[in-house]
file query.cif (mmCIF, C-alpha atoms and all ligand atoms)
data_work
loop_
_atom_site.group_PDB
_atom_site.id
_atom_site.type_symbol
_atom_site.label_atom_id
_atom_site.label_comp_id
_atom_site.auth_asym_id
_atom_site.auth_seq_id
_atom_site.Cartn_x
_atom_site.Cartn_y
_atom_site.Cartn_z
ATOM 1 C CA MET A 1 35.192 11.847 1.154
ATOM 2 C CA THR A 2 35.845 13.559 -2.148
ATOM 3 C CA GLY A 3 36.455 11.498 -5.202
ATOM 4 C CA PRO A 4 35.591 10.823 -8.827
ATOM 5 C CA LEU A 5 31.999 9.890 -9.550
ATOM 6 C CA ASN A 6 31.314 6.191 -9.738
ATOM 7 C CA SER A 7 30.022 4.792 -13.013
ATOM 8 C CA TRP A 8 26.310 5.340 -13.367
ATOM 9 C CA PRO A 9 24.537 3.565 -16.209
ATOM 10 C CA TYR A 10 21.018 4.516 -15.139
ATOM 11 C CA PRO A 11 18.461 6.590 -17.056
ATOM 12 C CA ARG A 12 17.308 9.984 -15.806
ATOM 13 C CA VAL A 13 13.638 9.074 -15.348
ATOM 14 C CA VAL A 14 12.501 6.207 -13.115
ATOM 15 C CA ALA A 15 8.899 5.010 -12.791
ATOM 16 C CA HIS A 16 7.917 4.928 -9.096
ATOM 17 C CA ARG A 17 6.502 1.597 -7.840
ATOM 18 C CA GLY A 18 6.455 0.196 -11.372
ATOM 19 C CA GLY A 19 4.066 2.364 -13.340
ATOM 20 C CA GLY A 20 3.501 5.347 -11.053
ATOM 21 C CA THR A 21 -0.154 6.267 -10.670
ATOM 22 C CA LEU A 22 -1.191 4.788 -13.996
ATOM 23 C CA ALA A 23 -1.385 1.206 -12.762
ATOM 24 C CA PRO A 24 -1.538 -0.738 -9.499
ATOM 25 C CA GLU A 25 1.780 -0.283 -7.715
ATOM 26 C CA ASN A 26 4.366 -3.048 -7.531
ATOM 27 C CA THR A 27 2.724 -5.254 -10.157
ATOM 28 C CA LEU A 28 3.765 -6.622 -13.536
ATOM 29 C CA ALA A 29 0.992 -4.506 -15.084
ATOM 30 C CA GLY A 30 2.677 -1.414 -13.631
ATOM 31 C CA ILE A 31 6.027 -2.381 -15.070
ATOM 32 C CA GLU A 32 4.447 -3.017 -18.466
ATOM 33 C CA THR A 33 2.657 0.331 -18.329
ATOM 34 C CA GLY A 34 5.947 2.152 -17.844
ATOM 35 C CA ALA A 35 7.656 0.196 -20.584
ATOM 36 C CA GLY A 36 4.706 0.875 -22.896
ATOM 37 C CA LEU A 37 5.312 4.607 -22.442
ATOM 38 C CA GLY A 38 8.975 4.202 -23.294
ATOM 39 C CA LEU A 39 10.367 4.251 -19.740
ATOM 40 C CA LYS A 40 13.805 2.707 -19.332
ATOM 41 C CA MET A 41 13.906 2.193 -15.557
ATOM 42 C CA VAL A 42 11.511 1.215 -12.787
ATOM 43 C CA GLU A 43 11.651 1.368 -8.994
ATOM 44 C CA PHE A 44 9.744 -1.145 -6.877
ATOM 45 C CA ASP A 45 9.590 -2.375 -3.267
ATOM 46 C CA ALA A 46 10.781 -5.869 -2.311
ATOM 47 C CA LYS A 47 10.228 -7.777 0.939
ATOM 48 C CA LEU A 48 9.968 -11.342 2.287
ATOM 49 C CA SER A 49 6.927 -13.552 2.744
ATOM 50 C CA SER A 50 6.820 -15.694 5.888
ATOM 51 C CA ASP A 51 8.428 -18.515 3.878
ATOM 52 C CA ASN A 52 11.181 -16.181 2.598
ATOM 53 C CA VAL A 53 10.012 -15.664 -0.962
ATOM 54 C CA VAL A 54 11.127 -12.231 -2.219
ATOM 55 C CA PHE A 55 8.049 -10.466 -3.583
ATOM 56 C CA LEU A 56 6.782 -6.931 -4.267
ATOM 57 C CA LEU A 57 4.714 -4.941 -1.776
ATOM 58 C CA HIS A 58 5.094 -1.441 -0.346
ATOM 59 C CA ASP A 59 3.239 -1.565 2.978
ATOM 60 C CA ASP A 60 3.697 -3.866 5.972
ATOM 61 C CA THR A 61 0.154 -5.125 5.416
ATOM 62 C CA VAL A 62 -1.685 -6.208 2.286
ATOM 63 C CA ASP A 63 -4.770 -4.172 3.234
ATOM 64 C CA ARG A 64 -4.376 -1.083 1.028
ATOM 65 C CA THR A 65 -3.203 -2.714 -2.199
ATOM 66 C CA SER A 66 -5.009 -6.054 -2.313
ATOM 67 C CA ASP A 67 -8.330 -7.692 -1.508
ATOM 68 C CA GLY A 68 -6.794 -9.363 1.556
ATOM 69 C CA PHE A 69 -6.022 -8.236 5.090
ATOM 70 C CA GLY A 70 -3.136 -8.741 7.452
ATOM 71 C CA GLU A 71 0.578 -8.469 8.016
ATOM 72 C CA ALA A 72 2.587 -9.652 5.018
ATOM 73 C CA ALA A 73 5.305 -11.005 7.325
ATOM 74 C CA THR A 74 2.880 -13.663 8.627
ATOM 75 C CA MET A 75 1.765 -14.886 5.185
ATOM 76 C CA PRO A 76 3.414 -17.545 3.022
ATOM 77 C CA TYR A 77 3.759 -16.624 -0.639
ATOM 78 C CA ALA A 78 1.079 -19.166 -1.619
ATOM 79 C CA ILE A 79 -1.434 -17.020 0.274
ATOM 80 C CA LEU A 80 -0.027 -13.686 -0.887
ATOM 81 C CA SER A 81 -0.132 -14.812 -4.511
ATOM 82 C CA SER A 82 -3.786 -15.786 -4.207
ATOM 83 C CA LEU A 83 -4.773 -12.181 -3.430
ATOM 84 C CA ASP A 84 -5.881 -9.724 -6.090
ATOM 85 C CA ALA A 85 -3.438 -6.794 -6.212
ATOM 86 C CA GLY A 86 -5.000 -4.962 -9.149
ATOM 87 C CA LYS A 87 -8.688 -4.307 -8.761
ATOM 88 C CA TRP A 88 -8.262 -1.845 -5.857
ATOM 89 C CA ARG A 89 -6.845 0.464 -8.510
ATOM 90 C CA SER A 90 -9.331 -0.322 -11.306
ATOM 91 C CA PRO A 91 -11.492 -3.267 -12.405
ATOM 92 C CA ARG A 92 -9.417 -3.446 -15.578
ATOM 93 C CA PHE A 93 -6.443 -4.566 -13.476
ATOM 94 C CA ALA A 94 -8.348 -7.383 -11.756
ATOM 95 C CA GLY A 95 -6.271 -10.534 -11.542
ATOM 96 C CA GLU A 96 -2.923 -8.778 -10.972
ATOM 97 C CA ARG A 97 -0.819 -10.453 -8.284
ATOM 98 C CA MET A 98 1.972 -9.429 -5.956
ATOM 99 C CA PRO A 99 4.786 -10.754 -8.153
ATOM 100 C CA THR A 100 7.941 -12.477 -7.012
ATOM 101 C CA LEU A 101 11.247 -10.720 -7.622
ATOM 102 C CA GLU A 102 11.987 -13.532 -10.069
ATOM 103 C CA GLN A 103 8.917 -12.713 -12.155
ATOM 104 C CA VAL A 104 9.784 -9.018 -12.025
ATOM 105 C CA ALA A 105 13.419 -9.539 -13.024
ATOM 106 C CA LYS A 106 12.393 -11.652 -16.011
ATOM 107 C CA ARG A 107 9.888 -9.000 -17.126
ATOM 108 C CA CYS A 108 12.358 -6.128 -16.692
ATOM 109 C CA ILE A 109 15.030 -7.963 -18.628
ATOM 110 C CA ALA A 110 12.582 -8.888 -21.413
ATOM 111 C CA LEU A 111 11.410 -5.266 -21.663
ATOM 112 C CA GLY A 112 14.922 -3.785 -21.480
ATOM 113 C CA LEU A 113 14.223 -1.943 -18.210
ATOM 114 C CA ALA A 114 16.853 -1.102 -15.615
ATOM 115 C CA ALA A 115 15.716 -1.716 -12.037
ATOM 116 C CA ASN A 116 15.953 0.055 -8.687
ATOM 117 C CA VAL A 117 15.153 -2.660 -6.158
ATOM 118 C CA GLU A 118 14.122 -0.921 -2.953
ATOM 119 C CA ILE A 119 14.597 -3.301 -0.034
ATOM 120 C CA LYS A 120 11.560 -2.664 2.170
ATOM 121 C CA PRO A 121 11.753 -5.076 5.118
ATOM 122 C CA CYS A 122 8.767 -6.089 7.185
ATOM 123 C CA PRO A 123 9.262 -4.842 10.776
ATOM 124 C CA GLY A 124 12.193 -6.575 12.465
ATOM 125 C CA ARG A 125 13.321 -8.456 9.345
ATOM 126 C CA ASP A 126 15.905 -5.948 8.102
ATOM 127 C CA VAL A 127 18.994 -8.153 8.006
ATOM 128 C CA GLU A 128 17.452 -11.261 6.509
ATOM 129 C CA THR A 129 15.544 -9.189 3.947
ATOM 130 C CA GLY A 130 18.657 -7.288 2.857
ATOM 131 C CA LYS A 131 20.601 -10.514 2.569
ATOM 132 C CA LEU A 132 17.985 -12.494 0.644
ATOM 133 C CA VAL A 133 16.915 -9.677 -1.686
ATOM 134 C CA ALA A 134 20.532 -8.944 -2.624
ATOM 135 C CA ALA A 135 21.406 -12.609 -3.178
ATOM 136 C CA GLU A 136 18.297 -13.097 -5.288
ATOM 137 C CA ALA A 137 18.934 -9.921 -7.300
ATOM 138 C CA GLU A 138 22.497 -10.998 -8.006
ATOM 139 C CA ARG A 139 21.291 -14.388 -9.243
ATOM 140 C CA LEU A 140 18.415 -13.050 -11.321
ATOM 141 C CA TRP A 141 20.341 -10.272 -13.078
ATOM 142 C CA SER A 142 23.518 -12.318 -13.500
ATOM 143 C CA GLY A 143 25.178 -11.549 -16.847
ATOM 144 C CA GLN A 144 23.004 -8.493 -17.536
ATOM 145 C CA GLN A 145 24.760 -5.370 -18.740
ATOM 146 C CA ILE A 146 23.110 -3.062 -16.218
ATOM 147 C CA ALA A 147 23.054 -4.318 -12.630
ATOM 148 C CA PRO A 148 20.006 -3.671 -10.461
ATOM 149 C CA LEU A 149 20.507 -0.701 -8.132
ATOM 150 C CA LEU A 150 19.693 -1.726 -4.547
ATOM 151 C CA SER A 151 18.410 0.875 -2.097
ATOM 152 C CA SER A 152 16.810 0.993 1.323
ATOM 153 C CA PHE A 153 15.741 3.305 4.120
ATOM 154 C CA SER A 154 17.114 0.580 6.404
ATOM 155 C CA TYR A 155 20.830 0.878 7.099
ATOM 156 C CA ASP A 156 20.899 -2.670 8.476
ATOM 157 C CA ALA A 157 19.203 -4.075 5.392
ATOM 158 C CA LEU A 158 21.623 -2.322 3.058
ATOM 159 C CA ALA A 159 24.606 -3.471 5.134
ATOM 160 C CA ALA A 160 23.361 -7.051 4.861
ATOM 161 C CA ALA A 161 22.900 -6.563 1.106
ATOM 162 C CA ARG A 162 26.483 -5.287 0.845
ATOM 163 C CA ASP A 163 27.771 -8.374 2.661
ATOM 164 C CA ALA A 164 25.653 -10.791 0.584
ATOM 165 C CA ALA A 165 26.311 -9.245 -2.843
ATOM 166 C CA PRO A 166 29.178 -6.752 -2.565
ATOM 167 C CA ASP A 167 29.355 -6.168 -6.322
ATOM 168 C CA LEU A 168 25.793 -4.912 -6.694
ATOM 169 C CA PRO A 169 25.511 -1.114 -6.610
ATOM 170 C CA ARG A 170 23.836 0.404 -3.549
ATOM 171 C CA GLY A 171 22.114 3.671 -2.726
ATOM 172 C CA MET A 172 21.220 4.774 0.795
ATOM 173 C CA LEU A 173 17.671 6.096 0.907
ATOM 174 C CA TYR A 174 16.599 8.964 3.158
ATOM 175 C CA GLU A 175 13.543 11.057 3.791
ATOM 176 C CA ALA A 176 15.548 13.966 5.227
ATOM 177 C CA VAL A 177 19.286 13.533 4.643
ATOM 178 C CA PRO A 178 20.875 13.184 8.127
ATOM 179 C CA ALA A 179 24.075 14.831 9.313
ATOM 180 C CA ASN A 180 25.956 11.517 9.134
ATOM 181 C CA TRP A 181 25.182 10.805 5.455
ATOM 182 C CA ARG A 182 28.902 10.769 4.565
ATOM 183 C CA GLU A 183 29.731 8.136 7.178
ATOM 184 C CA GLN A 184 26.747 5.951 6.306
ATOM 185 C CA THR A 185 27.177 6.001 2.530
ATOM 186 C CA SER A 186 30.904 5.453 2.890
ATOM 187 C CA ALA A 187 30.511 2.479 5.247
ATOM 188 C CA LEU A 188 27.942 0.954 2.904
ATOM 189 C CA GLY A 189 30.071 1.540 -0.211
ATOM 190 C CA CYS A 190 27.203 3.405 -1.862
ATOM 191 C CA VAL A 191 27.328 4.670 -5.435
ATOM 192 C CA SER A 192 24.328 6.890 -4.780
ATOM 193 C CA LEU A 193 22.207 8.694 -2.246
ATOM 194 C CA HIS A 194 18.415 8.687 -2.691
ATOM 195 C CA ALA A 195 16.273 11.308 -1.006
ATOM 196 C CA ASP A 196 12.891 12.991 -0.758
ATOM 197 C CA HIS A 197 13.232 16.003 -3.054
ATOM 198 C CA ASN A 198 11.116 18.138 -0.710
ATOM 199 C CA ARG A 199 13.853 18.037 1.933
ATOM 200 C CA LEU A 200 16.752 19.020 -0.344
ATOM 201 C CA SER A 201 18.517 22.274 -1.070
ATOM 202 C CA GLU A 202 20.748 23.114 -4.003
ATOM 203 C CA ALA A 203 23.708 23.390 -1.609
ATOM 204 C CA LEU A 204 23.116 19.932 -0.151
ATOM 205 C CA VAL A 205 22.842 18.382 -3.615
ATOM 206 C CA ALA A 206 26.160 20.038 -4.492
ATOM 207 C CA GLN A 207 27.815 18.611 -1.359
ATOM 208 C CA ILE A 208 26.529 15.110 -2.049
ATOM 209 C CA ARG A 209 27.640 15.229 -5.675
ATOM 210 C CA ALA A 210 31.033 16.642 -4.679
ATOM 211 C CA ALA A 211 31.462 13.673 -2.352
ATOM 212 C CA GLY A 212 31.343 11.400 -5.391
ATOM 213 C CA LEU A 213 27.794 10.153 -4.985
ATOM 214 C CA HIS A 214 25.096 10.059 -7.635
ATOM 215 C CA MET A 215 21.609 11.145 -6.649
ATOM 216 C CA LEU A 216 18.118 9.767 -7.215
ATOM 217 C CA VAL A 217 15.227 11.796 -5.817
ATOM 218 C CA TYR A 218 11.607 10.839 -5.177
ATOM 219 C CA THR A 219 8.735 11.423 -5.807
ATOM 220 C CA VAL A 220 8.831 14.251 -8.330
ATOM 221 C CA ASN A 221 5.554 14.767 -10.150
ATOM 222 C CA ASP A 222 5.888 18.375 -11.280
ATOM 223 C CA PRO A 223 7.825 18.855 -14.549
ATOM 224 C CA GLN A 224 9.167 22.272 -13.533
ATOM 225 C CA ARG A 225 10.512 20.873 -10.270
ATOM 226 C CA ALA A 226 12.073 17.971 -12.169
ATOM 227 C CA ARG A 227 13.960 20.439 -14.361
ATOM 228 C CA GLN A 228 15.126 22.418 -11.349
ATOM 229 C CA LEU A 229 16.430 19.308 -9.608
ATOM 230 C CA ALA A 230 18.281 18.254 -12.748
ATOM 231 C CA GLN A 231 19.861 21.714 -12.888
ATOM 232 C CA TRP A 232 20.988 21.250 -9.294
ATOM 233 C CA GLY A 233 22.837 18.123 -10.403
ATOM 234 C CA VAL A 234 20.442 15.331 -9.497
ATOM 235 C CA ASP A 235 20.987 12.294 -11.739
ATOM 236 C CA ALA A 236 17.621 10.543 -11.650
ATOM 237 C CA ILE A 237 14.026 11.518 -10.937
ATOM 238 C CA CYS A 238 11.651 8.891 -9.564
ATOM 239 C CA THR A 239 8.117 9.861 -10.581
ATOM 240 C CA ASP A 240 4.499 8.758 -10.370
ATOM 241 C CA ARG A 241 3.650 10.900 -13.403
ATOM 242 C CA ILE A 242 5.313 8.968 -16.185
ATOM 243 C CA ASP A 243 2.695 10.485 -18.460
ATOM 244 C CA LEU A 244 4.103 13.990 -17.745
ATOM 245 C CA ILE A 245 7.760 13.205 -17.037
ATOM 246 C CA GLY A 246 8.495 10.586 -19.662
ATOM 247 C CA ALA A 247 11.638 8.802 -20.749
ATOM 248 C CA SER A 248 12.731 11.604 -23.089
ATOM 249 C CA PHE A 249 11.704 14.461 -20.774
ATOM 250 C CA PHE A 250 15.273 15.674 -20.326
ATOM 251 C CA ASP A 251 16.185 15.291 -23.992
ATOM 252 C CA ALA A 252 14.024 18.232 -25.057
HETATM 253 O O1 LIG B 301 12.806 4.602 -3.599
HETATM 254 C C1 LIG B 301 12.138 5.811 -3.682
HETATM 255 C C2 LIG B 301 10.768 5.737 -3.060
HETATM 256 O O2 LIG B 301 10.105 4.603 -3.534
HETATM 257 C C3 LIG B 301 10.793 5.730 -1.573
HETATM 258 O O3 LIG B 301 9.524 5.871 -1.012
HETATM 259 O O4 LIG B 301 7.649 4.962 0.269
HETATM 260 O O5 LIG B 301 7.469 5.138 -2.198
HETATM 261 O O6 LIG B 301 8.953 3.422 -1.172
HETATM 262 P P1 LIG B 301 8.364 4.794 -1.029
HETATM 263 MG MG MG B 302 9.880 2.556 -2.964
#
call {"tool": "encode", "arguments": {"input": "query.cif", "output": "structure tokens"}}
result
Amino acid sequence: MTGPLNSWPYPRVVAHRGGGTLAPENTLAGIETGAGLGLKMVEFDAKLSSDNVVFLLHDDTVDRTSDGFGEAATMPYAILSSLDAGKWRSPRFAGERMPTLEQVAKRCIALGLAANVEIKPCPGRDVETGKLVAAEAERLWSGQQIAPLLSSFSYDALAAARDAAPDLPRGMLYEAVPANWREQTSALGCVSLHADHNRLSEALVAQIRAAGLHMLVYTVNDPQRARQLAQWGVDAICTDRIDLIGASFFDA
């Protein structure tokens, strides 16, 4: 597959999990922290509660990032939203919640932030999560100039997202890019390929770009490495260190 690059309206710096390491991940406080530093795009992780509310959480369990315990897939959103998702990071974030995608979309739109919605299904819920996250994203960002960029490590989730909301842009997400990346991204109609920067070479970036795909890489916290990746042709850097790699980092 060799072709012209798809349109790509996204900024070059993306705050990882909302506000990187400066705020509790996947919270409204994180998103506000990034916006306060001038960031123009955020990445966050979306999954389903037991009653199919799309909300933000990275892990399968709530243990690490809240004051609760247990598998998120077994909890209705009423329970999830009663947990504190901020004070594990710092007492000053006490009272933060695991927000719904609806709350997040409204905040991103109000703050002028583009969004990378990473579909992060609970175990065994790939298809329904891809379908419901994509449908919800399409509804919530309807009429906005810049569509949310959907991504996932789960091929099945991204395929379900493609079927539910074909017009939303998609990026296949990899740790190490597999040999069949051309087939997978082509079948999914991806505009981009997202990958762990530690597993990339300059030659592989060149091949991916030559195939007509944009590239977002995670999680790049060293400014020198960010510059090198940009020189290789990577389009967007997802970073925890929005204090070091800010919105205008590549303008200088
Ligand atoms: O989408 C890029 C990055 O967020 C993937 O890794 O584990 O932080 O969701 P993870
Ligand atoms: Mg993520």
call {"tool": "residues_near_ligand", "arguments": {"input": "query.cif", "ligand": "ligand MG 302 (chain B)", "cutoff": "10 Å", "atoms": "only C-alpha atoms and all ligand atoms", "output": "PyMOL selection string"}}
result
chain A and resi 16-18+25-26+43-46+57-59+116-120+151-153+173+218-219+238
call {"tool": "closest_residue", "arguments": {"input": "query.cif", "among": "A:Gly189, A:Gly68, A:Pro99, A:Pro121", "to": "ligand LIG 301 (chain B)", "atoms": "only C-alpha atoms and all ligand atoms"}}
result
A:Pro121
call {"tool": "closest_residue", "arguments": {"input": "query.cif", "among": "A:Asp63, A:Glu128, A:Asp222, A:Asp196", "to": "ligand LIG 301 (chain B)", "atoms": "only C-alpha atoms and all ligand atoms"}}
result
A:Asp196
call {"tool": "closest_residue", "arguments": {"input": "query.cif", "among": "A:Ala15, A:Ala105, A:Leu140, A:Leu28", "to": "ligand LIG 301 (chain B)", "atoms": "only C-alpha atoms and all ligand atoms"}}
result
A:Ala15
call {"tool": "resolve_selection", "arguments": {"input": "query.cif", "expression": "the PyMOL selection byres (((chain A and resi 83) around 12) and not hetatm)", "output": "count of residues only"}}
result
29
call {"tool": "axis_aligned_box", "arguments": {"input": "query.cif", "around": "ligand LIG 301 (chain B)", "padding_each_side": "5 Å", "output": "lines of an AutoDock Vina configuration file"}}
result
center_x = 10.1
center_y = 4.6
center_z = -1.7
size_x = 15.3
size_y = 12.4
size_z = 14.0
call {"tool": "closest_residue", "arguments": {"input": "query.cif", "among": "A:Gln144, A:Ser248, A:Thr239, A:Gln231", "to": "ligand LIG 301 (chain B)", "atoms": "all atoms listed in the file"}}
result
A:Thr239
call {"tool": "atom_distance", "arguments": {"input": "query.cif", "atom1": "CA of Arg12 (chain A)", "atom2": "CA of Ser201 (chain A)"}}
result
19.2 Å
call {"tool": "resolve_selection", "arguments": {"input": "query.cif", "expression": "the PyMOL selection byres (((chain A and resi 164) around 7) and not hetatm)", "output": "list in words"}}
result
Lys131, Ala134, Ala135, Ala160, Ala161, Arg162, Asp163, Ala165 and Pro166 of chain A
call {"tool": "resolve_selection", "arguments": {"input": "query.cif", "expression": "the PyMOL selection byres (((chain A and resi 32) around 9) and not hetatm)", "output": "compact mmCIF listing (two decimals) with C-alpha atoms, in the coordinates of the input"}}
result
# COMPACT_ATOMS: atom_id res chain seq x y z
CA GLY A 18 6.46 0.20 -11.37
CA GLY A 19 4.07 2.36 -13.34
CA THR A 27 2.72 -5.25 -10.16
CA LEU A 28 3.76 -6.62 -13.54
CA ALA A 29 0.99 -4.51 -15.08
CA GLY A 30 2.68 -1.41 -13.63
CA ILE A 31 6.03 -2.38 -15.07
CA THR A 33 2.66 0.33 -18.33
CA GLY A 34 5.95 2.15 -17.84
CA ALA A 35 7.66 0.20 -20.58
CA GLY A 36 4.71 0.88 -22.90
CA LEU A 37 5.31 4.61 -22.44
CA ARG A 107 9.89 -9.00 -17.13
CA CYS A 108 12.36 -6.13 -16.69
CA LEU A 111 11.41 -5.27 -21.66
call {"tool": "closest_residue", "arguments": {"input": "query.cif", "among": "A:Leu39, A:Leu216, A:Pro223, A:Gly112", "to": "Gly171 (chain A)", "atoms": "all atoms listed in the file"}}
result
A:Leu216
call {"tool": "atom_distance", "arguments": {"input": "query.cif", "atom1": "CA of Asn52 (chain A)", "atom2": "CA of Val191 (chain A)"}}
result
27.6 Å
call {"tool": "closest_residue", "arguments": {"input": "query.cif", "among": "A:Cys122, A:Leu22, A:Val205, A:Leu113", "to": "Ser49 (chain A)", "atoms": "all atoms listed in the file"}}
result
A:Cys122
call {"tool": "residues_around", "arguments": {"input": "query.cif", "residues": "Ala176 (chain A)", "least_positions_apart": "2", "cutoff": "9 Å", "atoms": "only C-alpha atoms", "output": "list in words"}}
result
Tyr174, Pro178, Ala195, Asp196, His197, Asn198, Arg199 and Leu200 of chain A
